[in-house]
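Report on the structure given below.
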Amino acid sequence: MAAPMAGAGPGPLPVLRVVAECGRSRARAGELRLPRGTVPCPVFMPVGTRGTAKGLTAAQLAALGCRICLGNTFHLGTRPGPELIRRSGGLHGFMDWPHNLLTDSGGFQMVSLAQLSEVSEEGVLFRPPHGGDEILLSPEKSIEIQNALGADIVMQLDDVVSSTTTGPRVEEAMDRSVRWLDRCVAAHARPGEQLLFAIIQGGLEPALRQRCIQAMTQRDVPGFAIGGLSGGEDKGRFWRAVKFSAERLPRDKPRYLMGVGYATDLVVCVALGCDMFDCVFPTRTARFGSALVPWGSLQLKNQQFAKDFRPIDEDCACPTCQRHSRAYLHALLRSETAALHLLTLHNVAYQMKLMGSIRESILRQRFPEFVREFMDTMYGGRGGAPAWVREALASVGITLD
Amino acid sequence: MKMKLQLLGAGCGRLGTLVGLGRSGAGALALPGCLLYTRTGSAPHLTHDTLREVRGVPGVAQLPLPALAEIHDVLEEYKEGAAKFIGMPDAVLYCSLHDPVSPCPSGYNTNKTVSLWGSSGRMEMTVSKFMDIQRVIQPDWFQCISDGDTISGEVGRKRAKKSVDRSLSFLDVCLQLQEKSPELQGSVMFGAIEGGDILEERLRSARETAKRPVGGFLLDGFQGCAMATETKLKLIASVTAELPEDKPRIIHGVGKPDEVLECIERGVDIFESFFPFQVTERGCALVFSYDCHPDPETAVLTQNGAQDLEKIGAEENQDEISKADPEMTPFEICLKDKRYQDDFGPLLEGCTCYCCQRHTCAYVHHLLVTNELLAGVLLMMHNFQHYFGFFSAIRDALRDNKLDQLKNLVFRQALQGPVNAKLSQ
């Protein structure tokens with residue numbers, strides 16, 4: 001397993017090194033200097049919730065070019081528990097993953113498992129879905145678990161509300177997230193080895209986002225996440241909140257937009273100035289038989305693919321497309337888990353390739369052209385890109401057609 | 001190039017190699033050996049790159065017919081054969097009539113038809129339909145359609161005789177049809193020897209099938225547990241005695257290590273590898289030893305059936321044992337068991353497979369308990385490698401004249417009840 005890199009000089013090296021910026025939009029290409037190696041950005045991080053990149057081995061995930069992926073503190077914290085993982089050599093040792101890991105705080109489960117949780121100033125009270133005692137996930141507890149898991153980037157515990165929530169609860173959650181950030185920073189036992197990121201909250205309210213950013217940027221954290229979005233809110237309000245947040249976050253620190261993973265959203269949000277992304281979508285949709293392609297997705301369980309002897313994507317170099325046809329995958333999907341793994345391999349490869357192309361285009365000063373080509377391929381035959389996409393891109397100087 | 005069986009010599013049992021396999025003629029299979037079990041043309045749970053991490057993968061893969069029959073129309077339109085369709089263009093493929101893992105309900109065969117069972121249910125095969133499908137599969141080897149419905153309960157003489165008569169009649173028609181099929185000129189037909197548990201019928205089937213120009217023989221109807229072991233072994237020995245030395249003998253439905261050894265002693269060459277798959281599906285790992293030459297330091301431990309001194313004397317939890325899968329054999333450990341929750345050793349000490357080199361019992365236990373797909377991947381890699389290693393050890397034992405030692409080692413483990421490599425009784 002690779003040893004973490006030591007920081008040179010009196011203070012820690014800045015995490016983000018901006019290598020190129022798009023002349024028109026707010027997109028930037030760079031490098032994240034992380035404890036277990038440099039990761040090019042913009043970057044998409046596959047999600048391996050329970051210490052596994054789903055059906056893929058660690059070797060397969062690395063072979064696809066992935067150098068950072070996610071583990072989930074809530075799930076791993078309940079099963080098998082931080083102590084056991086600590087004894088396994090941390091999450092890296094447990095999964096045999098030599099590259100970088102990011103753990104979220106466990107906070108998002110507050111929204112997704114809402115019936116089982118109750119929030120107070122102390123923390124979040126969880127009733128685990130698989131039985132067992134109630135757990136109080138406080139900022140201190142979350143950091144303690146994340147310290148044991150040993151990921152290279154750890155996230156503060158934030159008070160997350162659904163993006164469709166309105167009213168005073170949104171403000172309460174934002175203010176509390178700032179207080180919890182301070183508690184997380186104070187509790188963090190391994191600041192030299194693990195980078196603690198703050199998470200900007202505030203729902204869809206610019207004023208709240210503004211206050212949150214003002215407060216959090218006063219804290220000395222190595223990176224910022226934009227949280228509380230991509231939860232089913234109106235796309236028009238989504239992109240505005242992303243843009244508003246990204247333009248007020250410091251230029252020289254990474255901006256991690258949590259939960260964003262559809263291809264179109266990735267392209268738009270890079271244009272709006274985000275550097276890091278994560279989402280269960282590509283790996284989850286693979287397990288439903290859906291293969292991602294530059295023009296959308298193929299539902300391979302559909303009868304139309306039964307005799308389609310082409311690969312998923314003729315231009316894709318992934319192991320699945322190199323060897324198998326849509327027809328074979330269709331047949332295999334009827335009963336074999338191997339089909340799910342083959343699709344997961346392809347979808348992760350697709351995401352890696354997309355981010356690579358985005359980054360390459362920024363480096364070569366042709367990001368706006370890339371965006372136009374991307375949108376054309378994705379929406380060309382369907383009446384053009386959705387309105388929200390056009391508006392979002394236009395707001396940063398990129399016009400389609 | 002034609003398939004040839006090269007035996008090493010009388011003293012070594014049927015130790016040898018099958019050469020000249022496949023389209024290229026470059027394929028080979030060491031004997032005694034096993035086939036790679038696949039489902040719809042894929043090693044279970046494994047993609048090409050994870051399968052490649054497994055050492056000792058056999059040169060011939062088994063493709064059960066039912067899954068292919070269900071996509072007959074697809075293969076027909078594809079035209080280029082099953083090997084290419086499944087993404088194994090260079091593999092040598094054996095198409096068996098049934099899937100060894102799927103149950104085959106009794107009572108559906110007739111004088112003119114045999115029923116196959118796939119994921120969409122029953123498919124009734126006539127001889128001509130069967131050969132139509134083989135023409136689009138274009139296998140390297142295939143089992144001739146046969147009536148093996150003699151394995152459920154008491155099989156009377158009449159039913160046993162029928163299985164032989166029908167199978168011979170199917171065989172003769174298939175041989176004629178094969179002659180007229182350009183697509184099947186390179187394919188080797190294996191004749192199925194039937195006859196249930198009636199010695200006379202078994203002998204008749206063996207002698208009559210041997211008269212036909214088949215490339216090899218399949219000992220069918222020995223699946224399941226209806227037949228008493230003694231009867232089974234006697235019949236197998238009697239059957240192989242009637243078969244020519246220079247053609248391979250496959251048996252279906254035999255997978256446990258002790259049974260494999262018994263069959264090899266009685267003239268069987270080739271086995272399936274569905275057994276490691278079944279072990280995987282119940283969340284278990286094969287850990288039986290086949291090392292006849294243990295390190296002197298560990299010799300004492302292996303005699304006691306334990307490989308880790310620290311764990312000797314640990315409490316046996318009776319509740320957990322009774323909850324174990326009833327299908328579990330003495331050759332495996334169940335990773336779902338709570339005792340592995342904090343076991344940071346590999347599944348099997350000294351195993352060089354991907355899983356044992358990089359992961360622990362604790363990790364695999366966690367994956368099983370949280371229902372993660374990766375559990376199946378890692379267990380399949382381990383179980384396949386261990387099983388293929390077992391066959392390699394058999395060949396070594398034959399070569400070194402140590403088969404008795406290997407037998408003793410395996411049979412001792414078969415008797416010790418659910419033996420766990422990390423705990424003594």
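Letters A, B, ... go to the chains of the structure tokens in the order shown; residues in each chain start at 1; ligands are counted from 1 in the same order.
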
Residue neighbourhood Leu16 of chain A, 8 Å, only C-alpha atoms, exclusion window fewer than 3 positions, as a PyMOL selection string: chain A and resi 30-33+252-254

Proximal residues of chain B relative to chain A (only C-alpha atoms; 9 Å) as a PyMOL selection string: chain B and resi 39-50+67+71+73-75+77-78+85-88+119+341-342+344+358-360+362-363+366-367+369-370+372-378

Those of segment 55-221 of chain B in DSSP alpha helix (DSSP H), formatted as a ChimeraX atom specification: /B:65-69,72-78,82-85,127-137,157-179,199-211

Length of the atom CA of Leu235 of chain B to atom CA of Tyr290 of chain B vector [Å]: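 The value is 26.8 Å.
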
Interatomic distance (Å, one decimal) between atom CA of Cys318 of chain A and atom CA of Ile362 of chain A: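 Atom CA of Ile362 of chain A lies at a distance of 23.6 Å from atom CA of Cys318 of chain A.
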
Among the residues B:Leu7, B:Leu175, B:Ala83, B:Val101, the one that comes closest to Val127 of chain B [using only C-alpha atoms]: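 Under the stated criterion, the closest residue is B:Leu175.
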
Point-to-point distance in Å for atom CA of Gly259 of chain A and atom CA of Arg240 of chain A: 16.1 Å

In segment 24-250 of chain B, DSSP strand (DSSP E or B) residues written as a PyMOL selection string: chain B and resi 27-31+33-34+36-37+39+42+60-64+92-96+113-118+121-126+141-143+188-193+216-219+249-250

Take the selection from the previous step and output its residues with N, CA and C atoms, as a short mmCIF file (atom, residue, chain, number, x, y, z; two decimals), in the first residue's frame.
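Result saved to result-v8.cif:
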data_model
loop_
_atom_site.label_atom_id
_atom_site.label_comp_id
_atom_site.auth_asym_id
_atom_site.auth_seq_id
_atom_site.Cartn_x
_atom_site.Cartn_y
_atom_site.Cartn_z
N GLY B 27 -5.39 -26.50 -28.85
CA GLY B 27 -5.90 -26.64 -27.49
C GLY B 27 -5.52 -27.97 -26.88
N ALA B 28 -5.39 -27.98 -25.55
CA ALA B 28 -5.04 -29.22 -24.86
C ALA B 28 -5.71 -29.26 -23.50
N LEU B 29 -5.91 -30.47 -22.99
CA LEU B 29 -6.48 -30.64 -21.65
C LEU B 29 -5.70 -31.73 -20.95
N ALA B 30 -5.12 -31.38 -19.78
CA ALA B 30 -4.38 -32.37 -19.03
C ALA B 30 -5.36 -33.31 -18.35
N LEU B 31 -5.06 -34.60 -18.35
CA LEU B 31 -5.93 -35.58 -17.72
C LEU B 31 -5.24 -36.29 -16.57
N GLY B 33 -8.69 -34.28 -15.53
CA GLY B 33 -8.88 -32.85 -15.40
C GLY B 33 -10.34 -32.49 -15.30
N CYS B 34 -10.60 -31.21 -15.22
CA CYS B 34 -11.98 -30.76 -15.17
C CYS B 34 -12.19 -29.66 -16.20
N LEU B 36 -14.05 -25.90 -17.29
CA LEU B 36 -14.43 -24.64 -16.67
C LEU B 36 -15.94 -24.51 -16.75
N TYR B 37 -16.61 -24.44 -15.60
CA TYR B 37 -18.06 -24.31 -15.60
C TYR B 37 -18.45 -22.89 -15.99
N ARG B 39 -21.89 -20.21 -17.19
CA ARG B 39 -23.33 -20.03 -17.26
C ARG B 39 -23.59 -18.97 -18.33
N SER B 42 -20.35 -17.51 -19.47
CA SER B 42 -19.47 -16.73 -18.61
C SER B 42 -19.15 -17.53 -17.36
N VAL B 60 -10.62 -26.34 -21.49
CA VAL B 60 -11.93 -26.59 -22.11
C VAL B 60 -13.01 -26.03 -21.18
N ALA B 61 -13.97 -25.31 -21.77
CA ALA B 61 -15.06 -24.74 -20.97
C ALA B 61 -16.35 -25.49 -21.25
N GLN B 62 -17.17 -25.67 -20.21
CA GLN B 62 -18.46 -26.32 -20.37
C GLN B 62 -19.54 -25.27 -20.57
N LEU B 63 -20.31 -25.41 -21.64
CA LEU B 63 -21.42 -24.52 -21.91
C LEU B 63 -22.69 -25.35 -21.88
N PRO B 64 -23.45 -25.30 -20.81
CA PRO B 64 -24.68 -26.08 -20.80
C PRO B 64 -25.63 -25.60 -21.91
N VAL B 92 -11.91 -23.69 -26.18
CA VAL B 92 -12.44 -24.97 -26.62
C VAL B 92 -13.72 -25.19 -25.82
N LEU B 93 -14.82 -25.42 -26.50
CA LEU B 93 -16.11 -25.49 -25.81
C LEU B 93 -16.75 -26.87 -25.87
N TYR B 94 -17.27 -27.28 -24.72
CA TYR B 94 -18.02 -28.53 -24.61
C TYR B 94 -19.46 -28.18 -24.27
N CYS B 95 -20.39 -28.59 -25.11
CA CYS B 95 -21.77 -28.29 -24.85
C CYS B 95 -22.45 -29.51 -24.24
N SER B 96 -22.78 -29.41 -22.95
CA SER B 96 -23.47 -30.52 -22.29
C SER B 96 -24.97 -30.33 -22.45
N THR B 113 -38.47 -37.21 -27.85
CA THR B 113 -38.06 -35.90 -27.34
C THR B 113 -37.39 -36.00 -25.98
N VAL B 114 -36.54 -35.00 -25.73
CA VAL B 114 -35.93 -34.84 -24.41
C VAL B 114 -36.23 -33.41 -23.97
N SER B 115 -36.57 -33.22 -22.70
CA SER B 115 -36.85 -31.87 -22.23
C SER B 115 -35.63 -31.25 -21.54
N LEU B 116 -35.37 -29.99 -21.90
CA LEU B 116 -34.30 -29.22 -21.26
C LEU B 116 -34.94 -28.18 -20.37
N TRP B 117 -34.19 -27.73 -19.38
CA TRP B 117 -34.73 -26.76 -18.43
C TRP B 117 -33.85 -25.53 -18.35
N GLY B 118 -34.41 -24.38 -18.76
CA GLY B 118 -33.67 -23.13 -18.72
C GLY B 118 -34.37 -22.11 -17.85
N GLY B 121 -37.98 -21.86 -18.38
CA GLY B 121 -38.81 -23.05 -18.24
C GLY B 121 -38.40 -24.18 -19.15
N ARG B 122 -39.35 -25.02 -19.49
CA ARG B 122 -39.07 -26.28 -20.22
C ARG B 122 -39.00 -26.06 -21.72
N MET B 123 -38.00 -26.72 -22.33
CA MET B 123 -37.90 -26.70 -23.79
C MET B 123 -37.88 -28.15 -24.27
N GLU B 124 -38.77 -28.48 -25.16
CA GLU B 124 -38.83 -29.86 -25.65
C GLU B 124 -37.97 -29.99 -26.89
N MET B 125 -37.02 -30.92 -26.86
CA MET B 125 -36.08 -31.08 -27.98
C MET B 125 -36.36 -32.36 -28.75
N THR B 126 -36.52 -32.23 -30.05
CA THR B 126 -36.45 -33.41 -30.90
C THR B 126 -35.00 -33.52 -31.36
N TRP B 141 -16.83 -29.77 -28.70
CA TRP B 141 -17.35 -31.07 -28.25
C TRP B 141 -18.83 -30.87 -27.92
N PHE B 142 -19.62 -31.92 -28.10
CA PHE B 142 -20.97 -31.82 -27.55
C PHE B 142 -21.49 -33.19 -27.15
N GLN B 143 -22.32 -33.16 -26.11
CA GLN B 143 -22.97 -34.37 -25.65
C GLN B 143 -24.14 -34.65 -26.57
N VAL B 188 -16.68 -32.70 -32.08
CA VAL B 188 -16.57 -34.08 -31.59
C VAL B 188 -17.82 -34.43 -30.80
N MET B 189 -18.49 -35.52 -31.19
CA MET B 189 -19.69 -35.93 -30.47
C MET B 189 -19.34 -36.92 -29.37
N PHE B 190 -19.89 -36.65 -28.19
CA PHE B 190 -19.71 -37.57 -27.08
C PHE B 190 -20.98 -38.40 -26.91
N GLY B 191 -20.84 -39.72 -26.89
CA GLY B 191 -21.99 -40.59 -26.72
C GLY B 191 -22.28 -40.78 -25.24
N ALA B 192 -23.57 -40.67 -24.89
CA ALA B 192 -23.94 -40.79 -23.47
C ALA B 192 -24.25 -42.22 -23.12
N ILE B 193 -23.63 -42.68 -22.04
CA ILE B 193 -23.89 -44.03 -21.57
C ILE B 193 -24.92 -43.97 -20.47
N GLY B 216 -15.85 -39.49 -27.90
CA GLY B 216 -15.63 -39.66 -26.47
C GLY B 216 -16.91 -40.15 -25.83
N PHE B 217 -16.85 -40.42 -24.54
CA PHE B 217 -17.99 -41.00 -23.84
C PHE B 217 -18.36 -40.17 -22.62
N LEU B 218 -19.67 -40.11 -22.39
CA LEU B 218 -20.17 -39.41 -21.22
C LEU B 218 -20.87 -40.42 -20.32
N LEU B 219 -20.44 -40.51 -19.08
CA LEU B 219 -21.11 -41.37 -18.12
C LEU B 219 -22.25 -40.56 -17.51
N ARG B 249 -13.26 -40.06 -21.28
CA ARG B 249 -14.50 -40.36 -20.57
C ARG B 249 -14.83 -39.20 -19.63
N ILE B 250 -15.98 -38.58 -19.88
CA ILE B 250 -16.46 -37.49 -19.02
C ILE B 250 -17.54 -38.06 -18.11
#
